[in-house]
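Source file start24.cif; content: mmCIF, C-alpha atoms and all ligand atoms.
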data_work
loop_
_atom_site.group_PDB
_atom_site.id
_atom_site.type_symbol
_atom_site.label_atom_id
_atom_site.label_comp_id
_atom_site.auth_asym_id
_atom_site.auth_seq_id
_atom_site.Cartn_x
_atom_site.Cartn_y
_atom_site.Cartn_z
ATOM 1 C CA MET Q 651 123.769 94.759 98.587
ATOM 2 C CA SER Q 652 126.846 93.186 100.038
ATOM 3 C CA GLU Q 653 128.283 89.865 99.102
ATOM 4 C CA LEU Q 654 129.786 87.100 101.137
ATOM 5 C CA LYS Q 655 133.494 86.501 100.926
ATOM 6 C CA PRO Q 656 133.905 83.077 102.486
ATOM 7 C CA GLU Q 657 137.599 82.873 101.629
ATOM 8 C CA GLN Q 658 138.141 85.658 104.163
ATOM 9 C CA TRP Q 659 135.878 84.369 106.925
ATOM 10 C CA VAL Q 660 138.514 82.664 109.033
ATOM 11 C CA ASP Q 661 140.921 85.599 108.873
ATOM 12 C CA GLU Q 662 138.274 88.251 109.386
ATOM 13 C CA TYR Q 663 135.906 86.699 111.892
ATOM 14 C CA GLY Q 664 137.475 83.449 113.077
ATOM 15 C CA ASP Q 665 138.861 84.954 116.235
ATOM 16 C CA TYR Q 666 135.721 86.916 117.039
ATOM 17 C CA LEU Q 667 133.449 83.916 116.568
ATOM 18 C CA TYR Q 668 135.770 81.604 118.455
ATOM 19 C CA ARG Q 669 135.946 83.926 121.458
ATOM 20 C CA TYR Q 670 132.202 84.323 121.434
ATOM 21 C CA ALA Q 671 131.702 80.568 121.427
ATOM 22 C CA TYR Q 672 134.397 80.052 124.034
ATOM 23 C CA SER Q 673 132.796 82.450 126.480
ATOM 24 C CA ARG Q 674 129.502 80.557 126.153
ATOM 25 C CA LEU Q 675 130.763 76.984 126.126
ATOM 26 C CA ARG Q 676 133.811 77.524 128.352
ATOM 27 C CA ASN Q 677 135.775 74.832 126.604
ATOM 28 C CA ALA Q 678 138.316 75.145 123.783
ATOM 29 C CA GLU Q 679 137.386 71.969 121.930
ATOM 30 C CA ALA Q 680 133.702 72.790 122.064
ATOM 31 C CA ALA Q 681 134.362 76.299 120.767
ATOM 32 C CA GLU Q 682 136.460 74.939 117.889
ATOM 33 C CA GLU Q 683 133.777 72.445 117.034
ATOM 34 C CA VAL Q 684 130.927 74.958 116.840
ATOM 35 C CA LEU Q 685 133.116 77.403 114.912
ATOM 36 C CA GLN Q 686 133.884 74.733 112.332
ATOM 37 C CA GLU Q 687 130.214 73.793 112.069
ATOM 38 C CA THR Q 688 129.292 77.444 111.707
ATOM 39 C CA LEU Q 689 131.704 77.927 108.817
ATOM 40 C CA LEU Q 690 130.482 74.804 107.052
ATOM 41 C CA ALA Q 691 126.845 75.718 107.597
ATOM 42 C CA GLY Q 692 127.601 79.227 106.349
ATOM 43 C CA LEU Q 693 129.177 77.872 103.183
ATOM 44 C CA LYS Q 694 126.173 75.695 102.513
ATOM 45 C CA ALA Q 695 123.678 78.432 103.240
ATOM 46 C CA GLN Q 696 125.341 81.191 101.210
ATOM 47 C CA SER Q 697 122.430 81.407 98.818
ATOM 48 C CA GLN Q 698 120.191 82.314 101.751
ATOM 49 C CA TYR Q 699 122.216 85.407 102.570
ATOM 50 C CA GLU Q 700 120.149 88.330 101.434
ATOM 51 C CA GLY Q 701 122.768 91.005 101.758
ATOM 52 C CA ARG Q 702 121.023 92.650 104.636
ATOM 53 C CA GLY Q 703 123.116 93.154 107.729
ATOM 54 C CA SER Q 704 126.799 92.521 108.037
ATOM 55 C CA GLU Q 705 128.566 89.363 107.073
ATOM 56 C CA ARG Q 706 129.801 89.067 110.642
ATOM 57 C CA GLY Q 707 126.285 89.407 112.015
ATOM 58 C CA TRP Q 708 125.066 86.748 109.644
ATOM 59 C CA LEU Q 709 127.763 84.320 110.754
ATOM 60 C CA LEU Q 710 127.118 85.190 114.385
ATOM 61 C CA ALA Q 711 123.457 84.276 113.982
ATOM 62 C CA ILE Q 712 124.501 80.866 112.670
ATOM 63 C CA LEU Q 713 127.000 80.479 115.510
ATOM 64 C CA LYS Q 714 124.333 81.263 118.103
ATOM 65 C CA ARG Q 715 122.149 78.475 116.737
ATOM 66 C CA LYS Q 716 125.112 76.095 116.744
ATOM 67 C CA ILE Q 717 125.844 76.960 120.368
ATOM 68 C CA ILE Q 718 122.308 76.036 121.411
ATOM 69 C CA ASP Q 719 122.519 72.857 119.322
ATOM 70 C CA PHE Q 720 125.747 71.961 121.046
ATOM 71 C CA VAL Q 721 124.318 72.512 124.510
ATOM 72 C CA ARG Q 722 121.238 70.500 123.564
ATOM 73 C CA ALA Q 723 123.310 67.570 122.318
ATOM 74 C CA ARG Q 724 125.568 67.700 125.345
ATOM 75 C CA SER Q 725 122.678 67.745 127.770
ATOM 76 C CA ARG Q 726 121.249 64.629 126.062
ATOM 77 C CA THR Q 727 124.396 62.683 126.772
ATOM 78 C CA GLN Q 728 124.344 63.551 130.428
ATOM 79 C CA SER Q 729 122.433 61.606 132.995
ATOM 80 C CA ALA Q 730 119.155 63.319 133.807
ATOM 81 C CA SER Q 731 119.762 67.044 134.182
ATOM 82 C CA GLN Q 732 120.317 67.397 137.856
ATOM 83 C CA LEU Q 733 118.811 70.414 139.508
ATOM 84 C CA GLY Q 734 121.915 70.794 141.592
ATOM 85 C CA GLU Q 735 122.202 70.197 145.241
ATOM 86 C CA GLU Q 736 119.806 71.342 147.888
ATOM 87 C CA ASP Q 737 122.623 72.384 150.167
ATOM 88 C CA ILE Q 738 123.144 75.720 148.471
ATOM 89 C CA GLU Q 739 119.779 76.735 149.847
ATOM 90 C CA GLU Q 740 120.664 75.291 153.228
ATOM 91 C CA ALA Q 741 123.891 77.257 153.158
ATOM 92 C CA PHE Q 742 122.049 80.516 152.662
ATOM 93 C CA PHE Q 743 118.897 79.965 154.677
ATOM 94 C CA SER Q 744 118.182 78.830 158.188
ATOM 95 C CA ALA Q 745 115.512 76.176 158.719
ATOM 96 C CA ASP Q 746 112.893 78.874 159.194
ATOM 97 C CA GLY Q 747 113.704 80.568 155.903
ATOM 98 C CA ARG Q 748 115.861 83.488 157.028
ATOM 99 C CA TRP Q 749 119.049 84.529 155.253
ATOM 100 C CA LYS Q 750 122.063 83.190 157.137
ATOM 101 C CA GLU Q 751 124.498 84.948 154.839
ATOM 102 C CA ASP Q 752 124.430 88.286 153.117
ATOM 103 C CA PRO Q 753 123.737 87.503 149.449
ATOM 104 C CA ARG Q 754 125.007 90.835 148.171
ATOM 105 C CA PHE Q 755 128.277 90.857 146.303
ATOM 106 C CA LEU Q 756 128.262 93.793 143.978
ATOM 107 C CA LYS Q 757 128.266 97.428 144.904
ATOM 108 C CA GLU Q 758 128.838 98.900 141.504
ATOM 109 C CA SER Q 759 129.349 97.297 138.168
ATOM 110 C CA PRO Q 760 133.027 96.937 137.350
ATOM 111 C CA GLU Q 761 134.013 99.730 135.021
ATOM 112 C CA LYS Q 762 137.755 100.125 134.895
ATOM 113 C CA GLU Q 763 139.430 97.801 132.426
ATOM 114 C CA ILE Q 764 141.367 96.019 135.140
ATOM 115 C CA GLU Q 765 138.254 95.535 137.259
ATOM 116 C CA ARG Q 766 136.331 94.175 134.325
ATOM 117 C CA GLN Q 767 139.006 91.642 133.485
ATOM 118 C CA GLU Q 768 139.307 90.623 137.091
ATOM 119 C CA PHE Q 769 135.571 90.279 137.331
ATOM 120 C CA TRP Q 770 135.346 88.023 134.275
ATOM 121 C CA GLN Q 771 138.131 85.856 135.621
ATOM 122 C CA LYS Q 772 136.433 85.503 138.946
ATOM 123 C CA LEU Q 773 133.080 84.831 137.334
ATOM 124 C CA SER Q 774 134.635 82.220 135.116
ATOM 125 C CA SER Q 775 136.045 80.301 138.065
ATOM 126 C CA CYS Q 776 132.771 80.725 139.975
ATOM 127 C CA LEU Q 777 130.837 79.238 137.066
ATOM 128 C CA GLU Q 778 132.877 76.088 137.416
ATOM 129 C CA GLY Q 779 131.312 75.587 140.819
ATOM 130 C CA LEU Q 780 127.892 75.192 139.204
ATOM 131 C CA SER Q 781 126.576 71.902 137.876
ATOM 132 C CA GLN Q 782 126.703 71.613 134.088
ATOM 133 C CA ALA Q 783 122.949 72.134 133.831
ATOM 134 C CA GLN Q 784 123.050 75.189 136.110
ATOM 135 C CA GLN Q 785 125.922 76.613 134.087
ATOM 136 C CA ASP Q 786 124.173 76.032 130.780
ATOM 137 C CA ALA Q 787 120.949 77.536 132.082
ATOM 138 C CA PHE Q 788 122.696 80.604 133.476
ATOM 139 C CA ILE Q 789 124.854 81.229 130.413
ATOM 140 C CA LEU Q 790 122.056 80.758 127.901
ATOM 141 C CA ARG Q 791 119.825 83.036 129.942
ATOM 142 C CA GLU Q 792 122.219 85.775 131.032
ATOM 143 C CA LEU Q 793 124.917 85.842 128.360
ATOM 144 C CA GLU Q 794 122.939 84.668 125.380
ATOM 145 C CA GLY Q 795 119.698 86.304 126.469
ATOM 146 C CA GLN Q 796 117.717 83.269 125.303
ATOM 147 C CA SER Q 797 114.051 82.892 126.180
ATOM 148 C CA THR Q 798 113.137 80.472 128.931
ATOM 149 C CA GLU Q 799 111.171 78.415 126.388
ATOM 150 C CA SER Q 800 114.174 77.753 124.189
ATOM 151 C CA ILE Q 801 116.375 76.968 127.185
ATOM 152 C CA CYS Q 802 113.813 74.481 128.508
ATOM 153 C CA GLU Q 803 113.713 72.853 125.096
ATOM 154 C CA ALA Q 804 117.496 72.661 124.807
ATOM 155 C CA LEU Q 805 118.060 71.323 128.297
ATOM 156 C CA GLN Q 806 114.958 69.137 128.291
ATOM 157 C CA VAL Q 807 113.639 70.505 131.559
ATOM 158 C CA THR Q 808 110.294 71.902 132.637
ATOM 159 C CA THR Q 809 109.807 75.610 133.292
ATOM 160 C CA THR Q 810 109.653 74.859 137.008
ATOM 161 C CA ASN Q 811 112.925 72.970 136.917
ATOM 162 C CA LEU Q 812 114.600 75.689 134.907
ATOM 163 C CA GLY Q 813 113.488 78.132 137.604
ATOM 164 C CA VAL Q 814 115.201 75.968 140.215
ATOM 165 C CA LEU Q 815 118.372 75.636 138.126
ATOM 166 C CA LEU Q 816 118.615 79.389 137.658
ATOM 167 C CA TYR Q 817 117.759 80.165 141.270
ATOM 168 C CA ARG Q 818 120.376 77.821 142.706
ATOM 169 C CA GLY Q 819 122.908 78.937 140.135
ATOM 170 C CA ARG Q 820 122.351 82.576 141.063
ATOM 171 C CA LEU Q 821 122.669 81.794 144.774
ATOM 172 C CA LYS Q 822 125.907 79.916 144.190
ATOM 173 C CA LEU Q 823 127.331 82.737 142.105
ATOM 174 C CA ALA Q 824 126.337 85.308 144.703
ATOM 175 C CA ARG Q 825 128.147 83.282 147.323
ATOM 176 C CA CYS Q 826 131.224 82.736 145.206
ATOM 177 C CA LEU Q 827 131.524 86.335 144.036
ATOM 178 C CA ARG Q 828 130.868 87.757 147.453
ATOM 179 C CA GLY Q 829 133.852 88.794 149.433
ATOM 180 C CA HIS Q 830 136.025 88.758 146.341
ATOM 181 C CA PHE Q 831 134.272 91.647 144.801
ATOM 182 C CA PHE Q 832 132.723 95.013 145.314
ATOM 183 C CA GLN Q 833 131.104 94.199 148.570
ATOM 184 C CA GLU Q 834 127.997 96.191 149.256
ATOM 185 C CA ALA Q 835 128.237 98.715 152.068
ATOM 186 C CA GLU Q 836 126.703 97.690 155.364
ATOM 187 C CA VAL Q 837 123.104 98.717 155.757
ATOM 188 C CA MET A 597 115.309 89.831 158.093
ATOM 189 C CA GLY A 598 112.090 87.941 157.700
ATOM 190 C CA LYS A 599 111.302 84.287 157.930
ATOM 191 C CA SER A 600 109.923 84.259 154.420
ATOM 192 C CA CYS A 601 113.165 85.318 152.719
ATOM 193 C CA GLN A 602 113.800 81.884 151.213
ATOM 194 C CA LYS A 603 110.440 82.070 149.497
ATOM 195 C CA TYR A 604 110.996 85.619 148.290
ATOM 196 C CA ALA A 605 114.539 84.989 147.109
ATOM 197 C CA LYS A 606 113.134 82.328 144.788
ATOM 198 C CA LEU A 607 110.542 84.817 143.589
ATOM 199 C CA VAL A 608 113.272 87.416 143.022
ATOM 200 C CA SER A 609 115.070 84.933 140.792
ATOM 201 C CA GLU A 610 111.848 84.059 138.951
ATOM 202 C CA SER A 611 111.080 87.736 138.367
ATOM 203 C CA LEU A 612 114.166 87.798 136.151
ATOM 204 C CA ASP A 613 112.825 85.022 133.948
ATOM 205 C CA ARG A 614 109.062 85.379 133.759
ATOM 206 C CA PRO A 615 106.446 88.079 134.306
ATOM 207 C CA LEU A 616 105.053 87.795 137.817
ATOM 208 C CA ASN A 617 101.321 87.910 138.363
ATOM 209 C CA LEU A 618 99.797 90.864 140.153
ATOM 210 C CA VAL A 619 99.594 89.243 143.577
ATOM 211 C CA GLU A 620 103.199 88.059 143.373
ATOM 212 C CA LYS A 621 104.296 91.501 142.266
ATOM 213 C CA ILE A 622 102.619 93.277 145.150
ATOM 214 C CA LYS A 623 103.808 90.788 147.761
ATOM 215 C CA LEU A 624 107.339 90.914 146.433
ATOM 216 C CA ARG A 625 107.392 94.691 146.310
ATOM 217 C CA ILE A 626 106.261 94.942 149.929
ATOM 218 C CA HIS A 627 108.856 92.409 151.012
ATOM 219 C CA LEU A 628 111.665 94.096 149.089
ATOM 220 C CA TRP A 629 110.719 97.404 150.628
ATOM 221 C CA MET A 630 111.349 95.933 154.075
ATOM 222 C CA CYS A 631 114.205 93.574 153.331
ATOM 223 C CA ALA A 632 117.695 94.783 152.470
ATOM 224 C CA TYR A 633 119.028 91.298 151.741
ATOM 225 C CA CYS A 634 116.371 90.260 149.251
ATOM 226 C CA SER A 635 116.421 93.649 147.541
ATOM 227 C CA GLY A 636 120.222 93.478 147.427
ATOM 228 C CA PHE A 637 120.004 90.007 145.909
ATOM 229 C CA LEU A 638 117.731 91.376 143.189
ATOM 230 C CA ARG A 639 119.872 94.471 142.513
ATOM 231 C CA ASN A 640 122.988 92.350 142.237
ATOM 232 C CA ALA A 641 121.375 89.893 139.858
ATOM 233 C CA GLN A 642 120.139 92.757 137.682
ATOM 234 C CA LYS A 643 123.534 94.440 137.640
ATOM 235 C CA LEU A 644 125.197 91.163 136.804
ATOM 236 C CA ARG A 645 122.780 90.656 133.913
ATOM 237 C CA SER A 646 123.339 94.076 132.390
ATOM 238 C CA PHE A 647 127.084 93.762 132.825
ATOM 239 C CA LEU A 648 127.176 90.350 131.139
ATOM 240 C CA GLN A 649 125.118 91.563 128.210
ATOM 241 C CA GLU A 650 127.090 94.750 127.651
ATOM 242 C CA ASP A 651 130.600 93.590 128.281
ATOM 243 C CA GLN A 652 132.623 91.021 126.398
ATOM 244 C CA GLU A 653 134.806 88.531 128.166
ATOM 245 C CA VAL A 654 138.442 88.447 127.199
ATOM 246 C CA SER A 655 138.560 84.878 125.961
ATOM 247 C CA PRO A 656 141.615 83.152 124.562
ATOM 248 C CA PRO A 657 142.148 83.675 120.816
ATOM 249 C CA LEU A 658 141.589 81.042 118.170
ATOM 250 C CA PRO A 659 144.687 78.824 118.237
ATOM 251 C CA PRO A 660 146.796 79.469 115.074
ATOM 252 C CA GLN A 661 146.927 75.779 114.220
ATOM 253 C CA LYS A 662 143.143 75.529 114.245
ATOM 254 C CA GLN A 663 142.943 78.739 112.250
ATOM 255 C CA GLN A 664 145.100 77.243 109.487
ATOM 256 C CA GLU A 665 143.099 74.047 109.562
ATOM 257 C CA LEU A 666 139.827 75.940 109.197
ATOM 258 C CA LYS A 667 141.183 78.059 106.364
ATOM 259 C CA LYS A 668 142.120 74.927 104.456
ATOM 260 C CA LEU A 669 138.749 73.414 105.162
ATOM 261 C CA VAL A 670 136.888 76.497 103.925
ATOM 262 C CA GLN A 671 139.127 76.725 100.841
ATOM 263 C CA LYS A 672 138.538 73.064 100.015
ATOM 264 C CA ASN A 673 134.791 73.532 100.342
ATOM 265 C CA ILE A 674 134.808 76.599 98.114
ATOM 266 C CA GLU A 675 136.757 74.731 95.441
ATOM 267 C CA GLU A 676 134.371 71.832 95.572
ATOM 268 C CA GLY A 677 131.539 74.267 95.064
ATOM 269 C CA THR A 678 129.526 73.462 98.136
ATOM 270 C CA ASP A 679 127.122 76.208 97.241
ATOM 271 C CA SER A 680 125.687 74.227 94.367
ATOM 272 C CA ASN A 681 124.728 71.373 96.707
ATOM 273 C CA PRO A 682 121.278 71.428 98.169
ATOM 274 C CA PRO A 683 121.190 73.149 101.545
ATOM 275 C CA PRO A 684 121.280 70.776 104.517
ATOM 276 C CA ASP A 685 118.089 70.226 106.417
ATOM 277 C CA GLU A 686 118.766 71.760 109.784
HETATM 278 ZN ZN ZN Q 901 113.962 89.013 152.456
#
I'd like the structure from this file rewritten - as structure tokens, please.
Ligand SMILES: [Zn+2]
Amino acid sequence: MSELKPEQWVDEYGDYLYRYAYSRLRNAEAAEEVLQETLLAGLKAQSQYEGRGSERGWLLAILKRKIIDFVRARSRTQSASQLGEEDIEEAFFSADGRWKEDPRFLKESPEKEIERQEFWQKLSSCLEGLSQAQQDAFILRELEGQSTESICEALQVTTTNLGVLLYRGRLKLARCLRGHFFQEAEV
Amino acid sequence: MGKSCQKYAKLVSESLDRPLNLVEKIKLRIHLWMCAYCSGFLRNAQKLRSFLQEDQEVSPPLPPQKQQELKKLVQKNIEEGTDSNPPPDE
């Protein structure tokens, strides 16, 4: 049975939790805000900690909920979640539905440290090319591994619309990452 | 490359988010077997997913000023004995 040591939280896990939040919310202020809320919620919920699992894991679970809450609140303040532009599909497909561009961008997953860092940097700038709703959908799905149900609930979109958000987001990313990275060999 | 790629590319994306029904599965499999672009699109999306879930981005560290601020905040809350308050309804 382990115990919580809240006086050490910021020193021990502050950086870890902040980086985690930053990579999901892609904004320093937002990451600070959810970290602060996580710490406060953790303090209030100490009696619910049952000593199972690590202290860090427990705080991370709270942080993950706060991240979704943040995205939910943010999406409420935005004008109706746009599905993103049609033109990404027009850019990739001819009028009769054929690929105009090769959508492949990745030959092998980046493995060397330098490649991995470069990849994250590139991905990060590519994500900025997505609409906020596309970004949120993609990050919650692919980084957070959230279910489609909880993403639909957070973003206030239907399953069909989430499908469109993710599809267009993935097309945009493929286009943005292509040519800068690990191009697939010609077939 | 086939005329139906736009339709199948959407289905490729959906296959990453929901279980396809049997008809969709069979149609998609046949198309992917013939189409290097759509199957490449799927492979890339799958690789991207596993990479994103295994790797950790090198994000900027918590700014020292904010760190100090949070430490004070936590300390203040501990001293005030937040734990004895009723838990918030989340
Ligand atoms: Zn195809």
**Prompt:** Which protein, DNA or RNA residues have an atom within 8 Å of ligand ZN 901 (chain Q), counting only C-alpha atoms and all ligand atoms, as a PyMOL selection string?
**Reply:** (chain Q and resi 748-749) or (chain A and resi 597-602+604-605+627-628+630-635)
**Message:** With only C-alpha atoms considered, list every residue of chain A at most 9 Å from chain Q, as JSON, numbers by chain.
**Reply:** {"A": [597, 598, 599, 600, 601, 602, 603, 605, 606, 607, 608, 609, 610, 613, 614, 632, 633, 634, 636, 637, 638, 639, 640, 641, 643, 644, 645, 646, 647, 648, 649, 651, 652, 653, 654, 655, 656, 657, 658, 659, 662, 663, 664, 666, 667, 669, 670, 671, 673, 674, 678, 679, 680, 681, 682, 683, 684]}
**Asked** Near Cys826 (chain Q), within 9 Å and counting all atoms listed in the file, which residues show up once chain neighbours fewer than 5 positions away are dropped, as a list of chain:residue names?
**Response** Q:Phe755, Q:Lys772, Q:Leu773, Q:Ser775, Q:Cys776, Q:Leu777, Q:Gly779, Q:Leu821
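Interatomic distance, CA of Ile712 (chain Q) to CA of Thr688 (chain Q): 6.0 Å.
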Residues within 8 Å of region 802-807 of chain Q, all atoms listed in the file, excluding chain neighbours under 4 positions, as a PDB file with C-alpha atoms, keeping the file's coordinate frame:
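The new file result20.pdb reads:
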ATOM      1  CA  ILE Q 718     122.308  76.036 121.411  1.00  0.00           C
ATOM      2  CA  ASP Q 719     122.519  72.857 119.322  1.00  0.00           C
ATOM      3  CA  VAL Q 721     124.318  72.512 124.510  1.00  0.00           C
ATOM      4  CA  ARG Q 722     121.238  70.500 123.564  1.00  0.00           C
ATOM      5  CA  SER Q 725     122.678  67.745 127.770  1.00  0.00           C
ATOM      6  CA  ARG Q 726     121.249  64.629 126.062  1.00  0.00           C
ATOM      7  CA  SER Q 731     119.762  67.044 134.182  1.00  0.00           C
ATOM      8  CA  ALA Q 783     122.949  72.134 133.831  1.00  0.00           C
ATOM      9  CA  ALA Q 787     120.949  77.536 132.082  1.00  0.00           C
ATOM     10  CA  THR Q 798     113.137  80.472 128.931  1.00  0.00           C
ATOM     11  CA  ASN Q 811     112.925  72.970 136.917  1.00  0.00           C
ATOM     12  CA  LEU Q 812     114.600  75.689 134.907  1.00  0.00           C
TER      13      LEU Q 812
END
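Taking CA of Glu700 (chain Q) as the reference point, CA of Glu676 (chain A) is found at 22.6 Å.
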**For CA of Leu713 (chain Q) and CA of Lys655 (chain Q), the interatomic separation in Å (one decimal)** = 17.1 Å
